[in-house]
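See structure below.
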Amino acid sequence: MTGQGAARWQNALDALALFAIDPHRLGGLHMRVQPGPARDALAEVLPRLFPSTKLVKLPASVPETRLGGGLDLAATLAAGKPIFDQGLLASADGGIVIASMAERLERRIAARLESALDTGHVKIERDHLSQDNDARFGLILFDESEPGEVAPPVSLCDRLAFSITLDGLSWRDCVGDETEQHQIENARTLLPSVTLQSQHAEMLVQLADCLGIASLRAPLLAASLCRVLAARDGRIETSDDDVSVAAQMVLAPRATRLPAPPQEEQQAPPPPEQDQTEPPSSPEQKNDGALDDVILDAVAAAIPADLLAKLKAGQGGRALGRGAEAGRKAPATRGRPLPSGRGDPRRERLDLLETLRAAIPWQGLRQNHGLGALAIRKDDLRVKRFRPHTRTTTIFVVDASGSSALHRLAEAKGAVELVLAECYVRRDEAALIAFRGTKADIILPPTRSLTRARARLKGLPGGGGTPLALGLDAACTMAEAVKRKGDRPYLILLTDAQANVARDGTGGRARAESEAFAAADQLRARGFASLLIDTSPRPQPKASQLAARMGADYLALPQADARTLAAAITPAR
Amino acid sequence: MHGTVKLFPETESRGPTRAPLDRIMNHAFPFAAIAGQDEMKRALMLASIEPAIGGVLVFGDRGTGKSTAIRALADVLPERETVAHCAYGCVPQSPAGLCGNCEDHKPLKTVKSKVPVVDLPLGATEDRIVGALDLERALAHGEKRFEPGLLARAHGGFLYIDEVNLLEDHLVDILLDVTASGENVVEREGLSVRHPARFVLVGSGNPEEGELRPQLLDRFGLCVEVTTPTDIATRIEVVRRRDAFERDRQAFIESYAKDTDALRKKIVAARKRLPQTDVSPAILEKAAELCLSLGTDGLRGELTLMRTARALAALDGKKTVTEAHLKTVAPSVLRHRLRKNPLEDVGSTVRVERAIAAVLP
């Protein structure tokens with residue numbers, strides 16, 4: 001294991017050194033690394049790899065004005081004329097942005113990063129400032145999420161060339177030679193004259209196709225990496241080896257399927273009709289087929305092992321990936337307006353008129369200030385206040401075990417869809433957790449998107465034991481996250497309360513039940529509004545007991561179908 | 001409050017912090033070099049030929065070149081006439097009319113200028129969108145002066161919102177209001193300003209990020225779904241061209257200069273031809289039948305269908321609209337107008353295609 005760990009560390013160092021050669025075009029690195037020796041070692045390596053490059057740290061909860069720029073009010077008032085803060089992204093131009101706890105990046109922040117990575121610019125249109133700044137930077141995402149937790153936004157990771165997992169390394173693994181700074185410098189100088197050979201672009205696209213990668217960004221990033229690899233080795237033309245390495249580094253982690261078996265593959269990569277549309281030389285193309293196989297094997301070997309396991313289980317990659325909203329509760333910037341009050345205009349919206357109004361009575365006293373016609377002090381600042389309208393997030397916790405007969409699951413799915421349709425109208429959100437066998441899964445994170453919801457619901461499987469405690473735990477975790485976001489969670493538990501699997505996955509009715517009741521107590525202690533729907537054919541005392549422990553409303557629906565369920569839920573909310 | 005009130009600033013005073021528009025546009029990936037994505041490219045061209053079609057909404061997967069195409073549009077658009085030195089960029093022929101200042105100063109001197117494609121970036125605030133008190137003047141001189149916002153800059157051109165489903169609700173309200181009236185009315189910070197603001201709204205986004213508000217969806221005349229090209233040859237071409245562009249932007253753009261010119265000429269010719277393009281009663285009937293069979297609300301669907309088909313005929317160099325034109329544009333015109341049935345499993349595109357197959361065999 002240690003040998004493997006050291007190899008993974010070396011791979012990460014290689015990726016960093018390549019990234020250092022052309023940060024902006026390679027986008028960056030998505031590094032899954034828990035706090036620990038590897039994370040500490042990285043913190044030491046980065047300044048050595050980028051001695052003369054700006055390293056800008058991006059906190060997960062960075063306010064909008066700091067990120068994209070805006071008015072620096074304190075400085076403005078001191079100077080008597082507008083002073084603008086150009087923001088983190090623009091200040092990182094030519095450097096590296098490092099985002100730790102990337103799994104907590106807000107969607108909005110991620111979208112800003114994406115747009116800057118795409119265009120190399122940040123546009124600011126806020127606080128009376130209209131600016132367009134260069135922001136050509138590379139991005140390092142430190143993803144510290146636990147397995148199964150929310151991952152950083154997929155759309156952001158899609159723009160980064162490298163995806164590296166450094167979990168479970170010990171400090172002994174984290175030693176290795178680093179690329180010398182002068183090598184990086186030399187490669188940078190050479191890079192503009194490196195050409196990507198035409199057949200190599202073709203090979204990358206075909207490889208991406210074989211691995212089932214839909215996005216075209218993957219082969220584009222791999223193409224950029226090919227040129228960087230050539231530059232590093234002092235060549236001005238890309239080689240087949242570059243393609244192989246680039247595919248292993250960029251394409252393999254994105255694979256959504258295993259390369260097609262050999263017989264299919266031979267007809268797939270160079271289809272006959274292509275020769276008609278593609279001008280490039282055909283003698284080389286014949287070679288490609290053979291080369292492709294060698295490279296494809298190498299790439300297939302580089303596909304992470306756990307990905308294969310997930311693919312076999314039928315789910316592509318990690319389930320979540322919308323990015324979590326940061327836990328901090330931001331001041332409301334929308335909702336019903338309230339009278340303006342004192343506050344910090346960097347976080348809330350400045351009410352200019354009220355500010356001027358507050359300053360005017362004092363002008364006589366402040367005459368000696370001598371700056372402009374108006375002297376405004378910090379105390380005069382007024383910000384707009386709003387009463388936010390809280391949204392309700394309905395969390396369905398569905399017992400998908402064998403004991404809740406399968407048709408119950410179909411009804412639960414139907415009810416979720418109906419409630420979701422209503423959420424669409426009311427701009428509320430819905431989420432779905434299912435528990436069966438030995439685990440509870442988040443089938444649908446809180447969403448308003450009908451498209452996502454429908455797709456996720458369709459694939460919901462059923463059968464197995466009833467790990468009720470695990471289901472309640474998952475519900476509790478999600479409800480807390482919803483509450484942190486400032487929304488109101490509402491739990492709807494559909495079960496027959498026949499718990500028979502304990503938290504550790506072992507069977508045994510007695511322990512499973514006592515754990516479930518303990519978990520129910522936890523829910524009640526947190527005061528979440530909830531409803532328990534008894535799905536057993538004949539209502540059981542156990543379910544009503546559980547409801548009482550949860551502090552939930554209880555509803556027995558022996559003959560429920562999707563519509564009666566939805567009808568029962570709606571007035572309860 | 002003391003200080004003078006100047007509601008009509010000269011153009012120079014738009015603020016020293018403004019970035020030159022050309023800098024970004026000059027380095028945009030050429031529209032003509034975008035491989036595939038025909039429906040999106042066609043929709044954007046049609047909207048520039050006939051602005052009355054309404055906006056274009058581009059929905060699609062990651063990495064399909066949505067933003068690239070829209071940002072590239074600016075270079076293809078032919079120049080237009082605007083009033084010289086008007087802070088609101090008044091366009092003499094605009095159906096939205098002129099601002100108060102231009103009305104008072106007739107006859108007007110006009111200049112040729114580029115059609116603006118204005119980005120509404122994420123994190124934009126209301127003051128920059130509708131325009132607001134010029135903060136510098138207010139703070140330094142106690143003077144009340146209006147500084148026009150993005151809506152004024154986009155007048156007579158395009159307003160582009162990337163990640164349109166992340167747009168905050170109160171900003172959506174502003175856009176709904178302005179697109180409906182063609183006029184931006186500012187009543188804030190003690191200012192009272194109104195000026196024409198008519199533009200083609202272009203939005204792009206990913207439906208997985210959340211649905212669009214129905215009212216906003218309704219503002220878009222055309223809705224295009226983009227998917228990553230699946231055909232290997234096109235995919236290879238995309239990667240090749242992108243790589244060439246990244247290596248030497250200037251040379252790449254120049255190598256497409258001829259194609260860009262040709263596209264521009266096509267748009268000019270289509271605009272000239274448009275008023276003479278006829279829609280026969282038979283075609284109108286087919287359009288109505290199509291909308292009826294899909295149960296779209298209101299008359300807007302039929303009207304847009306007719307306008308778009310006519311613009312396409314003009315683009316194709318035809319004098320009359322044929323069923324083929326109708327067939328081509330119907331999916332983009334109708335797919336977002338279907339009454340939403342959340343439990344419906346079949347995608348809107350499929351439903352529209354079925355209806356087309358039934359009405360226009």
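Letters for chains follow the order of the structure tokens (A, B, ...), residue numbers begin at 1 for each chain, and ligand numbers begin at 1 in the order shown.
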Problem - Backbone-only DSSP, strand (DSSP E) members of region 79-241 of chain B, as a PyMOL selection string - result: chain B and resi 80-83+110-113+117-120+132-133+144-147+158-161+183-188+191-196+200-205+220-226
Can you spit out the residues from that selection as a PDB file, in the first residue's frame, using C-alpha atoms?
ATOM      1  CA  ARG B  80     -26.307  50.340 -37.692  1.00  0.00           C
ATOM      2  CA  GLU B  81     -27.130  54.043 -37.382  1.00  0.00           C
ATOM      3  CA  THR B  82     -27.284  55.624 -33.943  1.00  0.00           C
ATOM      4  CA  VAL B  83     -27.735  59.179 -32.765  1.00  0.00           C
ATOM      5  CA  THR B 110     -26.320  60.026 -36.759  1.00  0.00           C
ATOM      6  CA  VAL B 111     -23.187  57.894 -36.813  1.00  0.00           C
ATOM      7  CA  LYS B 112     -22.460  54.314 -37.768  1.00  0.00           C
ATOM      8  CA  SER B 113     -21.770  52.049 -34.846  1.00  0.00           C
ATOM      9  CA  VAL B 117     -23.888  42.502 -27.578  1.00  0.00           C
ATOM     10  CA  VAL B 118     -23.884  43.331 -23.890  1.00  0.00           C
ATOM     11  CA  ASP B 119     -23.004  40.811 -21.233  1.00  0.00           C
ATOM     12  CA  LEU B 120     -25.047  40.859 -18.059  1.00  0.00           C
ATOM     13  CA  ALA B 132     -28.215  54.982 -11.272  1.00  0.00           C
ATOM     14  CA  LEU B 133     -26.909  58.106  -9.701  1.00  0.00           C
ATOM     15  CA  LYS B 144     -27.142  64.624  -9.036  1.00  0.00           C
ATOM     16  CA  ARG B 145     -26.417  63.040 -12.370  1.00  0.00           C
ATOM     17  CA  PHE B 146     -27.730  59.896 -14.017  1.00  0.00           C
ATOM     18  CA  GLU B 147     -25.331  57.276 -15.226  1.00  0.00           C
ATOM     19  CA  PHE B 158     -28.489  42.109 -27.723  1.00  0.00           C
ATOM     20  CA  LEU B 159     -28.449  41.576 -23.969  1.00  0.00           C
ATOM     21  CA  TYR B 160     -26.812  38.313 -23.025  1.00  0.00           C
ATOM     22  CA  ILE B 161     -27.345  36.563 -19.703  1.00  0.00           C
ATOM     23  CA  GLU B 183     -38.649  51.483 -22.105  1.00  0.00           C
ATOM     24  CA  ASN B 184     -36.502  51.743 -19.024  1.00  0.00           C
ATOM     25  CA  VAL B 185     -38.115  53.822 -16.313  1.00  0.00           C
ATOM     26  CA  VAL B 186     -35.844  54.695 -13.426  1.00  0.00           C
ATOM     27  CA  GLU B 187     -37.305  56.085 -10.240  1.00  0.00           C
ATOM     28  CA  ARG B 188     -34.594  55.750  -7.648  1.00  0.00           C
ATOM     29  CA  LEU B 191     -33.857  60.507  -9.992  1.00  0.00           C
ATOM     30  CA  SER B 192     -36.616  60.206 -12.507  1.00  0.00           C
ATOM     31  CA  VAL B 193     -35.410  59.098 -15.916  1.00  0.00           C
ATOM     32  CA  ARG B 194     -36.954  57.248 -18.820  1.00  0.00           C
ATOM     33  CA  HIS B 195     -35.299  56.166 -22.025  1.00  0.00           C
ATOM     34  CA  PRO B 196     -36.018  53.622 -24.762  1.00  0.00           C
ATOM     35  CA  VAL B 200     -32.996  41.034 -28.068  1.00  0.00           C
ATOM     36  CA  LEU B 201     -32.709  39.031 -24.879  1.00  0.00           C
ATOM     37  CA  VAL B 202     -30.378  36.066 -25.148  1.00  0.00           C
ATOM     38  CA  GLY B 203     -30.106  33.661 -22.252  1.00  0.00           C
ATOM     39  CA  SER B 204     -28.166  30.487 -21.788  1.00  0.00           C
ATOM     40  CA  GLY B 205     -28.219  27.915 -19.057  1.00  0.00           C
ATOM     41  CA  PHE B 220     -38.006  34.239 -25.302  1.00  0.00           C
ATOM     42  CA  GLY B 221     -39.230  33.856 -28.845  1.00  0.00           C
ATOM     43  CA  LEU B 222     -37.010  30.909 -29.620  1.00  0.00           C
ATOM     44  CA  CYS B 223     -35.713  28.167 -27.394  1.00  0.00           C
ATOM     45  CA  VAL B 224     -32.817  26.079 -28.607  1.00  0.00           C
ATOM     46  CA  GLU B 225     -31.555  22.874 -27.095  1.00  0.00           C
ATOM     47  CA  VAL B 226     -27.872  22.271 -27.638  1.00  0.00           C
TER      48      VAL B 226
END
Completion exercise
Nearest to chain B, restricted to only C-alpha atoms and choosing among A:Pro541, A:Gly234, A:Gly120, A:Gly138, comes out as A:Gly120
Practice task
Please provide as an MDAnalysis selection string all residues within 7 Å of Ala355 (chain B), with the sequence filter that same-chain residues fewer than 3 positions apart are discarded (counting only C-alpha atoms).
Solution key: chainID B and resid 290 293:294 351:352 358:359
Could you write out the selected residues, including N, CA and C atoms, as a PDB file, in the first residue's frame?
ATOM      1  N   LEU B 290     -50.763  23.690 -36.126  1.00  0.00           N
ATOM      2  CA  LEU B 290     -49.657  23.159 -35.327  1.00  0.00           C
ATOM      3  C   LEU B 290     -49.781  23.610 -33.874  1.00  0.00           C
ATOM      4  N   SER B 293     -52.728  21.915 -32.152  1.00  0.00           N
ATOM      5  CA  SER B 293     -52.546  20.507 -31.811  1.00  0.00           C
ATOM      6  C   SER B 293     -51.628  20.354 -30.598  1.00  0.00           C
ATOM      7  N   LEU B 294     -50.801  21.369 -30.326  1.00  0.00           N
ATOM      8  CA  LEU B 294     -49.918  21.285 -29.161  1.00  0.00           C
ATOM      9  C   LEU B 294     -50.508  21.992 -27.953  1.00  0.00           C
ATOM     10  N   ARG B 351     -42.430  15.943 -28.263  1.00  0.00           N
ATOM     11  CA  ARG B 351     -43.846  16.270 -28.456  1.00  0.00           C
ATOM     12  C   ARG B 351     -44.031  17.179 -29.667  1.00  0.00           C
ATOM     13  N   VAL B 352     -43.132  18.178 -29.794  1.00  0.00           N
ATOM     14  CA  VAL B 352     -43.246  19.086 -30.938  1.00  0.00           C
ATOM     15  C   VAL B 352     -43.004  18.317 -32.237  1.00  0.00           C
ATOM     16  N   ALA B 358     -47.440  15.103 -37.646  1.00  0.00           N
ATOM     17  CA  ALA B 358     -48.874  14.923 -37.877  1.00  0.00           C
ATOM     18  C   ALA B 358     -49.438  16.016 -38.778  1.00  0.00           C
ATOM     19  N   VAL B 359     -49.007  17.274 -38.532  1.00  0.00           N
ATOM     20  CA  VAL B 359     -49.605  18.400 -39.263  1.00  0.00           C
ATOM     21  C   VAL B 359     -48.931  18.615 -40.617  1.00  0.00           C
TER      22      VAL B 359
END
Handout entry: Minimum-distance residue to Pro148 (chain B), chosen among B:Leu175, B:Ala87, B:Leu305, B:Gly97 (using only C-alpha atoms)
Key =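 Among the listed residues, B:Ala87 lies closest to Pro148 (chain B).
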Practice task
For CA of Gly190 (chain B) and CA of Asp85 (chain A), quote the distance in Å rounded to one decimal.
Solution key: 26.6 Å
Test item: residues at most 8 Å from Ile283 (chain B), only C-alpha atoms, excluding those fewer than 3 positions along its chain, as an mmCIF file with C-alpha atoms, in the first residue's frame:
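And here is the file that came out, out.cif:
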data_model
loop_
_atom_site.group_PDB
_atom_site.id
_atom_site.type_symbol
_atom_site.label_atom_id
_atom_site.label_comp_id
_atom_site.auth_asym_id
_atom_site.auth_seq_id
_atom_site.Cartn_x
_atom_site.Cartn_y
_atom_site.Cartn_z
ATOM 1 C CA VAL B 279 -46.659 34.200 -46.009
ATOM 2 C CA SER B 280 -49.515 32.495 -47.840
ATOM 3 C CA LYS B 286 -50.733 25.182 -41.008
ATOM 4 C CA ALA B 287 -49.044 27.271 -38.319
ATOM 5 C CA VAL B 321 -42.472 30.943 -46.992
ATOM 6 C CA THR B 322 -42.804 27.228 -47.611
ATOM 7 C CA GLU B 323 -43.814 24.342 -45.392
ATOM 8 C CA LEU B 326 -42.174 26.175 -41.049
#
Handout entry: Distance query Pro116 (chain B) at most 9 Å, only C-alpha atoms, self and fewer than 5 positions along chain excluded, as a ChimeraX atom specification
Key = /B:21,74,153-159
Saved selection, atoms kept: C-alpha atoms, as a tab-separated table (two decimals), in the first residue's frame:
chain	number	residue	atom	x	y	z
B	21	LEU	CA	-16.12	47.00	-25.87
B	74	ALA	CA	-21.23	40.63	-32.34
B	153	ARG	CA	-25.98	50.08	-23.57
B	154	ALA	CA	-27.90	47.12	-25.01
B	155	HIS	CA	-30.51	49.30	-26.73
B	156	GLY	CA	-30.88	48.29	-30.35
B	157	GLY	CA	-28.70	45.25	-29.82
B	158	PHE	CA	-28.49	42.11	-27.72
B	159	LEU	CA	-28.45	41.58	-23.97
Problem - helix (DSSP H, G or I) residues, from DSSP on the backbone, in region 341-531 of chain A, as number ranges by chain - result: A: 352-362, 367-369, 378-380, 406-426, 450-458, 468-484, 509-526
Handout entry: Minimum-distance residue to chain A, chosen among B:Arg310, B:His141, B:Arg71, B:Lys272 (using only C-alpha atoms)
Key =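 When distances to chain A are compared using only C-alpha atoms, the smallest one comes from B:His141.
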Go through region 149-227 of chain A residue by residue and, counting only C-alpha atoms, keep those with an atom at most 9 Å from region 44-64 of chain A; for each kept residue give the shortest atom pair and its distance in Å to one decimal, ordered by chain and increasing number, as CSV.
residue,atom,partner,partner_atom,distance
A:Glu178,CA,A:Leu49,CA,7.9
A:Thr179,CA,A:Leu49,CA,7.7
A:Glu180,CA,A:Leu49,CA,8.0
A:Gln181,CA,A:Leu49,CA,6.7
A:Ile184,CA,A:Leu49,CA,8.8
Would you put the residues from that selection into a file with N, CA and C atoms, as a CSV table (one decimal), in the first residue's frame?
chain,number,residue,atom,x,y,z
A,178,GLU,N,10.7,17.0,-6.9
A,178,GLU,CA,9.8,17.9,-7.6
A,178,GLU,C,10.5,18.4,-8.8
A,179,THR,N,9.7,18.9,-9.7
A,179,THR,CA,10.3,19.4,-11.0
A,179,THR,C,11.0,20.7,-10.6
A,180,GLU,N,12.2,20.9,-11.2
A,180,GLU,CA,13.0,22.1,-10.9
A,180,GLU,C,12.3,23.3,-11.5
A,181,GLN,N,12.5,24.4,-10.9
A,181,GLN,CA,11.8,25.6,-11.4
A,181,GLN,C,12.3,26.0,-12.8
A,184,ILE,N,10.4,24.2,-15.5
A,184,ILE,CA,9.1,24.8,-15.8
A,184,ILE,C,9.3,26.1,-16.6
Exercise for the section: Would you mind telling me which residue in B:Val130, B:Leu274, B:Leu284, B:Leu166 lies nearest to chain A when using only C-alpha atoms? Expected result: B:Leu166
Give me, as a PDB file with C-alpha atoms, in the first residue's frame, all polymer residues having an atom no more than 7 Å from Thr195 (chain A), counting only C-alpha atoms and skipping those fewer than 3 positions away in the same chain.
ATOM      1  CA  ARG A 227       1.373  20.419 -25.893  1.00  0.00           C
ATOM      2  CA  ILE A 236       8.056  21.212 -30.629  1.00  0.00           C
ATOM      3  CA  GLU A 237       5.727  18.501 -31.869  1.00  0.00           C
ATOM      4  CA  THR A 238       3.434  16.291 -29.861  1.00  0.00           C
TER       5      THR A 238
END
Exercise for the section: Show which residues sit within 7 Å of Thr165 (chain A), as a list of chain:residue names. Count only C-alpha atoms, and ignore same-chain residues fewer than 4 positions away. Expected result: A:Met31, A:Arg32, A:Val33
Practice task
Please indicate the distance in Å from CA of Lys485 (chain A) to CA of Ala116 (chain A), rounded to one decimal place.
Solution key: 26.1 Å
Completion exercise
Atom pair CA of Phe396 (chain A) + CA of Leu494 (chain A), distance 7.5 Å
Practice task
Could you tell me which of A:Ala421, A:Leu18, A:Val154, A:Val175 comes closest to chain B if we count only C-alpha atoms?
Solution key: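 Of A:Ala421, A:Leu18, A:Val154, A:Val175, the one nearest chain B, counting only C-alpha atoms, is A:Ala421.
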